[in-house]
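For reference, start22.cif is printed below; it contains mmCIF, C-alpha atoms (C1' of nucleotides).
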```cif
data_final
loop_
_atom_site.label_atom_id
_atom_site.label_comp_id
_atom_site.auth_asym_id
_atom_site.auth_seq_id
_atom_site.Cartn_x
_atom_site.Cartn_y
_atom_site.Cartn_z
CA MET I 26 107.76 40.05 54.64
CA SER I 27 109.02 41.76 51.47
CA ASP I 28 107.34 40.99 48.16
CA VAL I 29 110.06 40.03 45.68
CA SER I 30 107.58 40.30 42.83
CA ALA I 31 106.65 43.93 43.64
CA PRO I 32 106.43 46.08 40.50
CA PRO I 33 109.07 48.72 39.79
CA CYS I 34 108.41 52.41 40.41
CA THR I 35 105.47 53.61 38.39
CA THR I 36 106.39 57.29 38.66
CA LEU I 37 109.51 59.32 38.09
CA ASP I 38 109.85 60.17 41.79
CA ASP I 39 107.87 58.41 44.46
CA ARG I 40 110.17 59.15 47.38
CA ALA I 41 108.46 60.64 50.40
CA ILE I 42 107.87 64.37 50.21
CA ASP I 43 110.22 66.51 52.30
CA ILE I 44 108.20 69.27 53.93
CA GLY I 45 111.41 71.06 54.84
CA PRO I 46 111.41 73.49 57.77
CA LEU I 47 107.63 73.36 58.33
CA PRO I 48 107.74 71.06 61.39
CA GLN I 49 109.97 73.60 63.14
CA LEU I 50 107.42 76.39 62.63
CA VAL I 51 105.22 76.72 65.68
CA GLY I 52 102.10 77.60 63.68
CA TYR I 53 102.45 74.59 61.40
CA ALA I 54 103.15 72.18 64.26
CA LEU I 55 100.20 73.56 66.23
CA ARG I 56 97.88 73.28 63.24
CA ARG I 57 98.79 69.66 62.50
CA ALA I 58 98.50 68.66 66.17
CA GLN I 59 95.17 70.45 66.54
CA LEU I 60 93.80 68.70 63.45
CA ALA I 61 94.92 65.30 64.79
CA VAL I 62 93.15 65.91 68.10
CA PHE I 63 90.00 67.32 66.47
CA GLN I 64 89.79 64.31 64.13
CA ASP I 65 89.77 62.09 67.19
CA PHE I 66 87.16 64.36 68.81
CA TYR I 67 84.88 64.20 65.74
CA ALA I 68 85.07 60.41 65.66
CA THR I 69 84.54 60.12 69.41
CA PHE I 70 81.46 62.37 69.54
CA ALA I 71 79.93 61.63 66.14
CA GLU I 72 77.31 59.38 67.73
CA PHE I 73 76.25 62.31 69.95
CA ASP I 74 76.33 64.82 67.07
CA ILE I 75 78.49 67.15 69.17
CA ARG I 76 81.32 69.21 67.71
CA PRO I 77 84.17 70.80 69.67
CA THR I 78 82.61 74.27 69.64
CA GLN I 79 79.24 72.94 70.83
CA PHE I 80 80.95 71.03 73.61
CA SER I 81 82.78 74.15 74.73
CA VAL I 82 79.53 76.15 74.84
CA LEU I 83 77.73 73.50 76.91
CA THR I 84 80.67 73.36 79.30
CA VAL I 85 80.82 77.13 79.77
CA LEU I 86 77.04 77.26 80.32
CA ARG I 87 77.33 74.65 83.05
CA HIS I 88 79.98 76.71 84.83
CA ASN I 89 78.25 80.06 84.26
CA PRO I 90 74.47 79.69 84.37
CA GLY I 91 72.51 82.87 83.67
CA ARG I 92 75.21 84.79 81.82
CA ARG I 93 74.44 86.78 78.70
CA GLN I 94 75.08 85.59 75.17
CA SER I 95 77.84 88.10 74.54
CA GLN I 96 79.67 87.13 77.72
CA ILE I 97 79.62 83.45 76.78
CA ALA I 98 80.61 84.17 73.19
CA ASP I 99 83.47 86.48 74.25
CA ALA I 100 84.85 83.91 76.67
CA LEU I 101 85.14 81.40 73.83
CA GLY I 102 86.45 83.87 71.26
CA ILE I 103 83.27 83.66 69.17
CA LYS I 104 81.75 86.78 67.56
CA ARG I 105 78.30 87.47 68.97
CA ALA I 106 76.85 87.48 65.43
CA ASN I 107 78.10 83.93 64.88
CA PHE I 108 76.98 82.77 68.30
CA VAL I 109 73.29 83.19 67.48
CA ALA I 110 72.99 80.26 65.06
CA LEU I 111 75.39 78.17 67.13
CA PHE I 112 73.25 78.59 70.24
CA ASP I 113 70.01 78.06 68.30
CA GLY I 114 71.37 74.69 67.25
CA LEU I 115 71.68 73.70 70.91
CA ARG I 116 68.36 75.29 71.86
CA THR I 117 66.31 73.52 69.17
CA ARG I 118 67.78 70.24 70.39
CA GLY I 119 66.56 71.05 73.90
CA LEU I 120 70.07 71.25 75.35
CA ALA I 121 70.09 74.95 76.32
CA GLU I 122 67.65 77.83 76.64
CA ARG I 123 67.34 81.59 76.69
CA ARG I 124 65.48 83.36 79.52
CA PRO I 125 64.80 87.09 79.85
CA ALA I 126 67.60 88.83 81.73
CA PRO I 127 66.04 90.31 84.92
CA ASP I 128 67.96 93.58 84.80
CA ASP I 129 68.13 94.37 81.06
CA ARG I 130 65.27 93.85 78.66
CA ARG I 131 67.64 93.78 75.67
CA ALA I 132 69.53 90.79 77.01
CA HIS I 133 68.99 87.08 77.41
CA ALA I 134 70.32 84.93 80.21
CA LEU I 135 71.55 81.53 78.99
CA TYR I 136 71.09 78.23 80.78
CA LEU I 137 71.67 74.55 80.23
CA THR I 138 68.46 72.54 80.27
CA GLU I 139 68.25 69.35 82.30
CA ALA I 140 68.73 67.46 79.04
CA GLY I 141 71.84 69.53 78.34
CA ALA I 142 73.26 68.80 81.79
CA ALA I 143 72.44 65.11 81.37
CA LEU I 144 74.15 65.02 77.97
CA LEU I 145 77.24 66.68 79.42
CA ASP I 146 77.33 64.01 82.13
CA GLU I 147 77.01 61.31 79.50
CA LEU I 148 79.83 62.86 77.45
CA ALA I 149 82.24 62.68 80.37
CA VAL I 150 83.06 59.04 79.66
CA PRO I 151 83.93 59.33 75.94
CA LEU I 152 85.70 62.62 76.71
CA ALA I 153 87.97 60.88 79.20
CA ARG I 154 88.72 58.19 76.62
CA HIS I 155 89.48 60.84 74.00
CA GLU I 156 91.86 62.69 76.32
CA GLY I 157 93.27 59.38 77.49
CA ARG I 158 94.39 58.44 74.00
CA PHE I 159 96.65 61.50 73.87
CA ILE I 160 97.82 61.16 77.46
CA ALA I 161 98.82 57.62 76.46
CA ARG I 162 100.99 59.02 73.67
CA LEU I 163 102.79 61.52 75.88
CA GLY I 164 102.46 60.30 79.43
CA ALA I 165 100.61 62.35 82.04
CA ALA I 166 103.61 64.46 83.02
CA ASP I 167 104.43 65.49 79.45
CA MET I 168 100.77 66.20 78.74
CA GLN I 169 100.75 68.63 81.65
CA ARG I 170 103.95 70.22 80.33
CA LEU I 171 102.33 70.53 76.90
CA LEU I 172 99.23 72.22 78.34
CA THR I 173 101.37 74.68 80.30
CA LEU I 174 103.42 75.55 77.20
CA LEU I 175 100.22 76.01 75.14
CA HIS I 176 98.80 78.37 77.76
CA ARG I 177 102.00 80.41 77.58
CA ILE I 178 101.66 80.59 73.78
CA THR I 179 98.06 81.73 74.09
CA GLY I 180 99.15 84.38 76.56
CA ASP I 181 97.26 83.32 79.67
CA GLY I 182 99.78 81.57 81.67
CA MET Q 279 95.03 105.27 89.22
CA SER Q 280 91.64 104.04 90.46
CA ASP Q 281 88.58 106.11 89.65
CA VAL Q 282 86.70 106.67 92.90
CA SER Q 283 83.69 107.94 90.95
CA ALA Q 284 83.41 104.72 88.88
CA PRO Q 285 79.79 103.67 88.47
CA PRO Q 286 78.47 100.59 90.26
CA CYS Q 287 77.92 97.31 88.43
CA THR Q 288 75.54 97.79 85.53
CA THR Q 289 74.69 94.10 85.23
CA LEU Q 290 73.66 91.38 87.60
CA ASP Q 291 76.92 89.49 87.14
CA ASP Q 292 79.94 90.96 85.46
CA ARG Q 293 82.56 88.73 87.04
CA ALA Q 294 84.92 87.08 84.61
CA ILE Q 295 83.55 83.99 82.92
CA ASP Q 296 84.91 80.70 84.24
CA ILE Q 297 85.53 78.41 81.29
CA GLY Q 298 85.88 75.49 83.68
CA PRO Q 299 87.90 72.45 82.61
CA LEU Q 300 88.40 73.62 79.01
CA PRO Q 301 92.03 74.77 79.45
CA GLN Q 302 92.92 71.24 80.59
CA LEU Q 303 91.51 69.71 77.40
CA VAL Q 304 94.27 69.21 74.86
CA GLY Q 305 92.05 70.04 71.87
CA TYR Q 306 90.85 73.30 73.37
CA ALA Q 307 94.33 74.38 74.43
CA LEU Q 308 95.72 73.51 70.99
CA ARG Q 309 92.95 75.40 69.22
CA ARG Q 310 93.42 78.58 71.26
CA ALA Q 311 97.21 78.47 70.86
CA GLN Q 312 96.94 77.83 67.13
CA LEU Q 313 94.57 80.77 66.71
CA ALA Q 314 96.94 83.05 68.64
CA VAL Q 315 99.87 82.08 66.40
CA PHE Q 316 97.83 82.33 63.18
CA GLN Q 317 96.56 85.79 64.16
CA ASP Q 318 100.19 86.87 64.43
CA PHE Q 319 100.94 85.18 61.10
CA TYR Q 320 98.06 86.98 59.35
CA ALA Q 321 99.22 90.36 60.67
CA THR Q 322 102.86 89.64 59.81
CA PHE Q 323 102.20 88.57 56.20
CA ALA Q 324 99.20 90.74 55.37
CA GLU Q 325 101.40 93.11 53.37
CA PHE Q 326 102.52 90.14 51.22
CA ASP Q 327 98.98 88.73 50.92
CA ILE Q 328 100.25 85.33 52.02
CA ARG Q 329 98.26 83.03 54.28
CA PRO Q 330 99.64 80.09 56.27
CA THR Q 331 98.47 77.47 53.78
CA GLN Q 332 99.97 79.37 50.84
CA PHE Q 333 103.25 79.71 52.69
CA SER Q 334 103.32 75.98 53.37
CA VAL Q 335 102.71 75.17 49.69
CA LEU Q 336 105.50 77.49 48.51
CA THR Q 337 107.87 75.96 51.06
CA VAL Q 338 107.08 72.38 50.03
CA LEU Q 339 107.47 73.28 46.34
CA ARG Q 340 110.93 74.71 47.03
CA HIS Q 341 111.99 71.48 48.72
CA ASN Q 342 110.30 69.19 46.18
CA PRO Q 343 110.44 70.67 42.67
CA GLY Q 344 108.71 68.64 39.99
CA ARG Q 345 106.39 66.63 42.20
CA ARG Q 346 102.76 66.05 41.29
CA GLN Q 347 99.86 67.98 42.69
CA SER Q 348 98.48 65.05 44.64
CA GLN Q 349 101.82 64.37 46.27
CA ILE Q 350 102.16 67.98 47.41
CA ALA Q 351 98.55 68.11 48.58
CA ASP Q 352 98.85 64.82 50.49
CA ALA Q 353 102.02 65.95 52.25
CA LEU Q 354 100.15 68.97 53.61
CA GLY Q 355 96.94 67.14 54.46
CA ILE Q 356 94.97 68.98 51.76
CA LYS Q 357 92.38 67.17 49.61
CA ARG Q 358 93.40 67.18 45.98
CA ALA Q 359 90.05 68.74 45.04
CA ASN Q 360 90.74 71.70 47.32
CA PHE Q 361 94.32 72.04 46.16
CA VAL Q 362 93.33 73.08 42.63
CA ALA Q 363 92.00 76.54 43.49
CA LEU Q 364 94.70 77.02 46.13
CA PHE Q 365 97.45 76.36 43.58
CA ASP Q 366 95.71 78.44 40.90
CA GLY Q 367 95.85 81.38 43.31
CA LEU Q 368 99.65 81.05 43.44
CA ARG Q 369 99.96 80.38 39.71
CA THR Q 370 97.95 83.43 38.61
CA ARG Q 371 100.22 85.53 40.82
CA GLY Q 372 103.22 84.13 38.99
CA LEU Q 373 104.61 82.39 42.09
CA ALA Q 374 104.31 78.78 40.92
CA GLU Q 375 103.62 76.86 37.73
CA ARG Q 376 102.41 73.55 36.30
CA ARG Q 377 104.46 71.68 33.68
CA PRO Q 378 103.51 68.46 31.92
CA ALA Q 379 104.78 65.43 33.82
CA PRO Q 380 107.25 63.62 31.51
CA ASP Q 381 106.07 60.10 32.36
CA ASP Q 382 102.29 60.50 32.72
CA ARG Q 383 100.13 62.65 30.49
CA ARG Q 384 97.41 62.86 33.15
CA ALA Q 385 99.72 64.49 35.67
CA HIS Q 386 101.32 67.88 36.20
CA ALA Q 387 104.71 68.54 37.74
CA LEU Q 388 104.69 71.57 40.04
CA TYR Q 389 107.46 74.15 40.35
CA LEU Q 390 108.15 77.44 42.04
CA THR Q 391 108.80 80.24 39.59
CA GLU Q 392 111.75 82.58 40.08
CA ALA Q 393 109.31 85.10 41.48
CA GLY Q 394 108.02 82.49 43.91
CA ALA Q 395 111.54 81.64 45.06
CA ALA Q 396 112.33 85.35 45.43
CA LEU Q 397 109.18 85.93 47.48
CA LEU Q 398 110.06 83.01 49.74
CA ASP Q 399 113.50 84.56 50.30
CA GLU Q 400 111.87 87.88 51.11
CA LEU Q 401 109.47 86.23 53.56
CA ALA Q 402 112.35 84.73 55.56
CA VAL Q 403 112.87 87.96 57.51
CA PRO Q 404 109.27 88.55 58.67
CA LEU Q 405 108.95 84.80 59.29
CA ALA Q 406 111.90 84.89 61.67
CA ARG Q 407 110.34 87.86 63.48
CA HIS Q 408 107.03 86.01 63.72
CA GLU Q 409 108.65 82.90 65.16
CA GLY Q 410 110.85 85.06 67.35
CA ARG Q 411 107.86 86.60 69.10
CA PHE Q 412 106.78 83.19 70.34
CA ILE Q 413 110.31 82.04 71.14
CA ALA Q 414 110.52 85.20 73.25
CA ARG Q 415 107.46 84.10 75.21
CA LEU Q 416 108.78 80.60 75.92
CA GLY Q 417 112.53 80.73 75.57
CA ALA Q 418 114.31 78.69 72.88
CA ALA Q 419 114.60 75.54 74.99
CA ASP Q 420 110.91 75.44 75.90
CA MET Q 421 109.95 76.18 72.29
CA GLN Q 422 111.93 73.12 71.21
CA ARG Q 423 110.21 71.08 73.93
CA LEU Q 424 106.83 72.33 72.69
CA LEU Q 425 107.62 71.38 69.08
CA THR Q 426 108.70 67.90 70.14
CA LEU Q 427 105.53 67.40 72.18
CA LEU Q 428 103.40 68.61 69.26
CA HIS Q 429 105.09 66.16 66.90
CA ARG Q 430 104.31 63.36 69.34
CA ILE Q 431 100.65 64.46 69.41
CA THR Q 432 100.53 64.48 65.62
CA GLY Q 433 102.02 61.02 65.57
CA ASP Q 434 105.32 61.67 63.78
CA GLY Q 435 107.57 62.11 66.74
"C1'" DT P 128 74.81 107.74 71.94
"C1'" DA P 129 76.04 103.05 73.11
"C1'" DT P 130 74.92 98.18 73.71
"C1'" DT P 131 72.33 93.40 73.01
"C1'" DG P 132 70.77 90.40 70.10
"C1'" DT P 133 69.90 89.62 65.45
"C1'" DT P 134 70.00 89.25 60.23
"C1'" DA P 135 72.42 89.33 56.06
"C1'" DT P 136 76.39 88.51 53.65
"C1'" DA P 137 80.91 87.00 52.19
"C1'" DC P 138 85.14 84.56 52.37
"C1'" DT P 139 88.03 80.66 53.84
"C1'" DC P 140 88.61 75.90 54.85
"C1'" DT P 141 87.00 71.41 54.47
"C1'" DA P 142 84.48 67.23 52.59
"C1'" DT P 143 82.20 64.34 48.96
"C1'" DA P 144 80.60 63.02 44.50
"C1'" DA P 145 81.24 62.87 39.83
"C1'" DC P 146 83.38 64.04 35.46
"C1'" DT P 147 87.63 63.81 31.74
"C1'" DA P 148 91.60 62.06 30.08
"C1'" DT P 149 94.62 59.19 30.61
"C1'" DA P 150 96.94 54.72 32.64
"C1'" DT J 34 89.40 49.23 36.26
"C1'" DA J 35 92.02 52.61 38.51
"C1'" DT J 36 94.30 57.13 38.89
"C1'" DA J 37 95.40 62.53 38.24
"C1'" DG J 38 93.39 66.52 37.88
"C1'" DT J 39 89.23 69.01 37.86
"C1'" DT J 40 84.47 70.87 38.74
"C1'" DA J 41 80.52 71.49 41.50
"C1'" DT J 42 78.55 71.75 45.77
"C1'" DA J 43 77.64 71.83 50.63
"C1'" DG J 44 78.87 72.45 55.43
"C1'" DA J 45 81.53 74.67 59.12
"C1'" DG J 46 83.98 78.64 60.92
"C1'" DT J 47 84.85 83.39 60.75
"C1'" DA J 48 84.49 88.47 59.60
"C1'" DT J 49 81.91 92.95 58.94
"C1'" DA J 50 77.93 95.98 58.42
"C1'" DA J 51 73.57 97.27 59.74
"C1'" DC J 52 69.08 97.08 62.03
"C1'" DA J 53 65.46 97.12 66.14
"C1'" DA J 54 64.83 97.33 70.88
"C1'" DT J 55 66.59 99.03 74.87
"C1'" DA J 56 70.00 101.28 77.91
#
```
Transcribe the structure of this file into structure tokens.
Amino acid sequence: MSDVSAPPCTTLDDRAIDIGPLPQLVGYALRRAQLAVFQDFYATFAEFDIRPTQFSVLTVLRHNPGRRQSQIADALGIKRANFVALFDGLRTRGLAERRPAPDDRRAHALYLTEAGAALLDELAVPLARHEGRFIARLGAADMQRLLTLLHRITGDG
Amino acid sequence: MSDVSAPPCTTLDDRAIDIGPLPQLVGYALRRAQLAVFQDFYATFAEFDIRPTQFSVLTVLRHNPGRRQSQIADALGIKRANFVALFDGLRTRGLAERRPAPDDRRAHALYLTEAGAALLDELAVPLARHEGRFIARLGAADMQRLLTLLHRITGDG
DNA sequence: TATTGTTATACTCTATAACTATA
DNA sequence: TATAGTTATAGAGTATAACAATA
């Protein structure tokens, strides 16, 4: 339905902006796509107060119990100095814990708590819905192609 | 050459970390790929002191001279409050300028300066090298497939 | 001497609220 | 009343330097 009584243009130029060659730049396209997915992630996990980085730490802890802070941080591309506060946020919520490393009194071995493991189980359902929304946009086959291309960009595949 | 006198393991567990299902999550894969490309962008344009967001603003100004701040900011997904300092950084360097909007005394019309246009011309060469490094990893056909998939993720494809 | 975890600090990016001058 | 630009502010994320304890 068009509105025949719509007012005339109120500005000199209200055509859509032309962002030119930006969509053909891989960095720009990656950034916009990443923001779209993270926005969906934030909305999906807001009720659990879990952000993408926190989710990635919990996941790596589940798959690597007892590793040191620096190993976990390195695997996720996080500086060890920045990992301290990030991990403390999980620890004070009872989701993860530090234990003395048996072979090195400087180091801590990191573990999920039972509450952390239970939360990760609980997050599996909304996570699948979140991923499912993007698989629905692309189809499963194209999503797998996208993941493979992204791994080749990152340099590990 | 392997070093037969290499010391034994110094830690309890120095196998590589297993980041589990993270590489199959679209948000994680996008984030890591975006960081890899932006790292290359930073290194490529460090000598020009241009960051990805600044480059995108200059590019949109070239393609849309005379538009208002809020239009430019919206097109790039930047809040108008955050755009002020960003644009001032370009303006004080003589790359862009504000002019009074002819039809609305609240608004400013934004333009590239000649220096800004000249810089953008100069940046074309390193930009092509930057893009070329990732096209080299994927091949031109797969890069085009990646861009198309990314646009579909973002929702404008 | 080097490394682990930590603190301090700074800079960027992002988000919201509120102000001003116009409309 | 609403909008364009602006200011202030706060929260993440990220980067470097330096320190204590330990290797």
I need the residue nearest Q:Ala402 from this list: I:Val62, I:Leu101, I:Ala166, I:Leu50. Use only C-alpha atoms for the distance.
I:Leu50
Please identify every residue of chain I that has at least one atom no more than 6 Å from any atom of chain Q, counting all atoms listed in the file, and report them as a ChimeraX atom specification.
/I:44,52,55,58-59,61-62,85,175,178-179
Lay chain I over chain Q using all C-alpha atoms, matched one to one in order, with a least-squares fit; then write it out as a tab-separated table (two decimals) with C-alpha atoms, keeping the file's coordinate frame.
```tsv
chain	number	residue	atom	x	y	z
I	26	MET	CA	95.48	104.65	89.53
I	27	SER	CA	91.96	103.64	90.59
I	28	ASP	CA	89.03	105.85	89.62
I	29	VAL	CA	87.04	106.58	92.77
I	30	SER	CA	84.20	107.97	90.67
I	31	ALA	CA	83.80	104.76	88.62
I	32	PRO	CA	80.14	103.82	88.14
I	33	PRO	CA	78.68	100.81	89.95
I	34	CYS	CA	78.08	97.51	88.15
I	35	THR	CA	75.73	97.97	85.25
I	36	THR	CA	74.84	94.28	85.00
I	37	LEU	CA	73.71	91.62	87.42
I	38	ASP	CA	76.95	89.66	87.05
I	39	ASP	CA	80.01	91.08	85.38
I	40	ARG	CA	82.58	88.82	87.00
I	41	ALA	CA	84.94	87.13	84.58
I	42	ILE	CA	83.57	84.02	82.94
I	43	ASP	CA	84.91	80.72	84.29
I	44	ILE	CA	85.54	78.40	81.36
I	45	GLY	CA	85.90	75.50	83.76
I	46	PRO	CA	87.90	72.44	82.70
I	47	LEU	CA	88.41	73.60	79.09
I	48	PRO	CA	92.04	74.73	79.52
I	49	GLN	CA	92.93	71.22	80.67
I	50	LEU	CA	91.52	69.67	77.49
I	51	VAL	CA	94.26	69.17	74.94
I	52	GLY	CA	92.03	69.96	71.96
I	53	TYR	CA	90.83	73.23	73.45
I	54	ALA	CA	94.32	74.34	74.50
I	55	LEU	CA	95.70	73.45	71.06
I	56	ARG	CA	92.91	75.33	69.30
I	57	ARG	CA	93.37	78.52	71.32
I	58	ALA	CA	97.16	78.42	70.91
I	59	GLN	CA	96.89	77.76	67.18
I	60	LEU	CA	94.49	80.69	66.76
I	61	ALA	CA	96.86	83.00	68.68
I	62	VAL	CA	99.77	82.04	66.43
I	63	PHE	CA	97.72	82.25	63.22
I	64	GLN	CA	96.45	85.72	64.19
I	65	ASP	CA	100.06	86.82	64.47
I	66	PHE	CA	100.83	85.13	61.13
I	67	TYR	CA	97.92	86.91	59.38
I	68	ALA	CA	99.06	90.29	60.69
I	69	THR	CA	102.69	89.61	59.83
I	70	PHE	CA	102.05	88.52	56.23
I	71	ALA	CA	99.03	90.68	55.40
I	72	GLU	CA	101.20	93.07	53.40
I	73	PHE	CA	102.36	90.12	51.26
I	74	ASP	CA	98.83	88.68	50.93
I	75	ILE	CA	100.12	85.27	52.04
I	76	ARG	CA	98.14	82.95	54.28
I	77	PRO	CA	99.54	80.03	56.28
I	78	THR	CA	98.38	77.41	53.78
I	79	GLN	CA	99.87	79.33	50.84
I	80	PHE	CA	103.15	79.68	52.70
I	81	SER	CA	103.25	75.96	53.38
I	82	VAL	CA	102.66	75.16	49.69
I	83	LEU	CA	105.43	77.51	48.53
I	84	THR	CA	107.80	75.99	51.07
I	85	VAL	CA	107.05	72.41	50.04
I	86	LEU	CA	107.46	73.34	46.36
I	87	ARG	CA	110.88	74.79	47.09
I	88	HIS	CA	111.96	71.56	48.78
I	89	ASN	CA	110.33	69.27	46.21
I	90	PRO	CA	110.48	70.77	42.72
I	91	GLY	CA	108.77	68.74	40.01
I	92	ARG	CA	106.46	66.70	42.21
I	93	ARG	CA	102.85	66.07	41.26
I	94	GLN	CA	99.90	67.98	42.63
I	95	SER	CA	98.55	65.03	44.58
I	96	GLN	CA	101.91	64.38	46.23
I	97	ILE	CA	102.19	67.99	47.38
I	98	ALA	CA	98.57	68.08	48.53
I	99	ASP	CA	98.90	64.78	50.43
I	100	ALA	CA	102.03	65.94	52.21
I	101	LEU	CA	100.14	68.94	53.57
I	102	GLY	CA	96.94	67.06	54.38
I	103	ILE	CA	94.97	68.88	51.67
I	104	LYS	CA	92.43	67.03	49.50
I	105	ARG	CA	93.48	67.09	45.86
I	106	ALA	CA	90.10	68.59	44.89
I	107	ASN	CA	90.72	71.55	47.20
I	108	PHE	CA	94.31	71.94	46.08
I	109	VAL	CA	93.34	72.98	42.55
I	110	ALA	CA	91.97	76.43	43.42
I	111	LEU	CA	94.64	76.94	46.07
I	112	PHE	CA	97.41	76.33	43.56
I	113	ASP	CA	95.68	78.41	40.87
I	114	GLY	CA	95.78	81.32	43.28
I	115	LEU	CA	99.57	81.03	43.44
I	116	ARG	CA	99.91	80.38	39.71
I	117	THR	CA	97.88	83.42	38.61
I	118	ARG	CA	100.11	85.54	40.83
I	119	GLY	CA	103.15	84.17	39.02
I	120	LEU	CA	104.53	82.44	42.12
I	121	ALA	CA	104.27	78.81	40.93
I	122	GLU	CA	103.62	76.90	37.72
I	123	ARG	CA	102.47	73.60	36.31
I	124	ARG	CA	104.55	71.76	33.69
I	125	PRO	CA	103.67	68.52	31.90
I	126	ALA	CA	104.95	65.51	33.81
I	127	PRO	CA	107.48	63.73	31.52
I	128	ASP	CA	106.36	60.21	32.38
I	129	ASP	CA	102.57	60.55	32.75
I	130	ARG	CA	100.41	62.64	30.47
I	131	ARG	CA	97.64	62.83	33.09
I	132	ALA	CA	99.89	64.52	35.61
I	133	HIS	CA	101.44	67.92	36.16
I	134	ALA	CA	104.80	68.60	37.73
I	135	LEU	CA	104.74	71.63	40.04
I	136	TYR	CA	107.48	74.22	40.38
I	137	LEU	CA	108.14	77.52	42.08
I	138	THR	CA	108.75	80.34	39.63
I	139	GLU	CA	111.69	82.68	40.14
I	140	ALA	CA	109.21	85.19	41.54
I	141	GLY	CA	107.94	82.54	43.96
I	142	ALA	CA	111.47	81.73	45.11
I	143	ALA	CA	112.23	85.44	45.48
I	144	LEU	CA	109.06	85.98	47.53
I	145	LEU	CA	109.97	83.07	49.79
I	146	ASP	CA	113.39	84.64	50.35
I	147	GLU	CA	111.74	87.95	51.16
I	148	LEU	CA	109.36	86.27	53.61
I	149	ALA	CA	112.23	84.80	55.61
I	150	VAL	CA	112.73	88.02	57.55
I	151	PRO	CA	109.12	88.58	58.72
I	152	LEU	CA	108.84	84.83	59.33
I	153	ALA	CA	111.80	84.94	61.71
I	154	ARG	CA	110.22	87.88	63.52
I	155	HIS	CA	106.91	86.03	63.76
I	156	GLU	CA	108.56	82.92	65.20
I	157	GLY	CA	110.75	85.11	67.38
I	158	ARG	CA	107.76	86.63	69.13
I	159	PHE	CA	106.70	83.19	70.38
I	160	ILE	CA	110.24	82.06	71.16
I	161	ALA	CA	110.43	85.23	73.28
I	162	ARG	CA	107.38	84.10	75.25
I	163	LEU	CA	108.72	80.62	75.95
I	164	GLY	CA	112.46	80.78	75.58
I	165	ALA	CA	114.25	78.75	72.92
I	166	ALA	CA	114.57	75.60	75.02
I	167	ASP	CA	110.87	75.47	75.91
I	168	MET	CA	109.90	76.20	72.31
I	169	GLN	CA	111.89	73.16	71.23
I	170	ARG	CA	110.19	71.10	73.95
I	171	LEU	CA	106.81	72.35	72.72
I	172	LEU	CA	107.59	71.39	69.11
I	173	THR	CA	108.70	67.91	70.18
I	174	LEU	CA	105.53	67.39	72.23
I	175	LEU	CA	103.37	68.61	69.30
I	176	HIS	CA	105.08	66.16	66.95
I	177	ARG	CA	104.32	63.36	69.40
I	178	ILE	CA	100.65	64.42	69.47
I	179	THR	CA	100.52	64.45	65.68
I	180	GLY	CA	102.04	60.99	65.64
I	181	ASP	CA	105.29	61.63	63.80
I	182	GLY	CA	107.79	61.81	66.47
```
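Between atom CA of I:Gly141 and atom CA of I:Ala121 lies a distance of 6.0 Å.
Interatomic distance, atom CA of I:Arg154 against atom CA of I:Phe108: 28.5 Å.
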Under the rule of at most 10 Å, produce a per-residue listing of chain I near chain J: chain, number, name, the closest pair of atoms, and the distance in Å, as CSV, using only C-alpha atoms (C1' of nucleotides).
```
residue,atom,partner,partner_atom,distance
I:Thr78,CA,J:DG46,C1',9.8
I:Ile103,CA,J:DT47,C1',8.6
I:Lys104,CA,J:DT47,C1',8.2
I:Ala106,CA,J:DA48,C1',9.7
I:Asn107,CA,J:DT47,C1',7.9
I:Asp129,CA,J:DA56,C1',7.8
I:Arg130,CA,J:DT55,C1',6.6
I:Arg131,CA,J:DT55,C1',5.4
I:Ala132,CA,J:DT55,C1',9.0
```
Measure the distance from atom CA of I:Leu135 to atom CA of I:Asp74 in Å and round it to one decimal.
21.1 Å
Proximity of chain P to chain I: per-residue shortest pair, 9 Å limit, only C-alpha atoms (C1' of nucleotides), as a Markdown table:
```
| residue | atom | partner | partner_atom | distance |
| --- | --- | --- | --- | --- |
| P:DT130 | C1' | I:Arg131 | CA | 8.7 |
| P:DT131 | C1' | I:Arg131 | CA | 5.4 |
| P:DG132 | C1' | I:Ala132 | CA | 7.0 |
| P:DT133 | C1' | I:Ala106 | CA | 7.3 |
| P:DT134 | C1' | I:Ala106 | CA | 8.8 |
```
Once 5 Å is added on each side, what centre and edge lengths in Å to one decimal does the axis-aligned box around all listed atoms of stretch 323-339 of chain Q have, as JSON?
```
{"center_x": 103.1, "center_y": 82.7, "center_z": 51.3, "size_x": 19.6, "size_y": 30.7, "size_z": 19.9}
```
Selection as number ranges by chain: residues within 12 Å of (99.0, 85.2, 50.2), counting only C-alpha atoms (C1' of nucleotides)
Q: 319-336, 364-371, 373, 394, 397-398, 401
Just need stretch 42-55 of chain J in a file, please: C-alpha atoms (C1' of nucleotides), as a compact mmCIF listing (two decimals), in the first residue's frame.
```
# COMPACT_ATOMS: atom_id res chain seq x y z
C1' DT J 42 30.45 8.75 30.55
C1' DA J 43 30.82 3.85 31.11
C1' DG J 44 31.78 -0.80 29.56
C1' DA J 45 34.29 -4.14 26.70
C1' DG J 46 38.42 -5.50 24.23
C1' DT J 47 43.17 -4.97 23.49
C1' DA J 48 48.15 -3.52 24.06
C1' DT J 49 52.53 -2.77 26.79
C1' DA J 50 55.44 -2.34 30.87
C1' DA J 51 56.72 -3.88 35.15
C1' DC J 52 56.59 -6.50 39.47
C1' DA J 53 56.82 -10.85 42.79
C1' DA J 54 57.34 -15.61 43.08
C1' DT J 55 59.32 -19.34 41.10
```
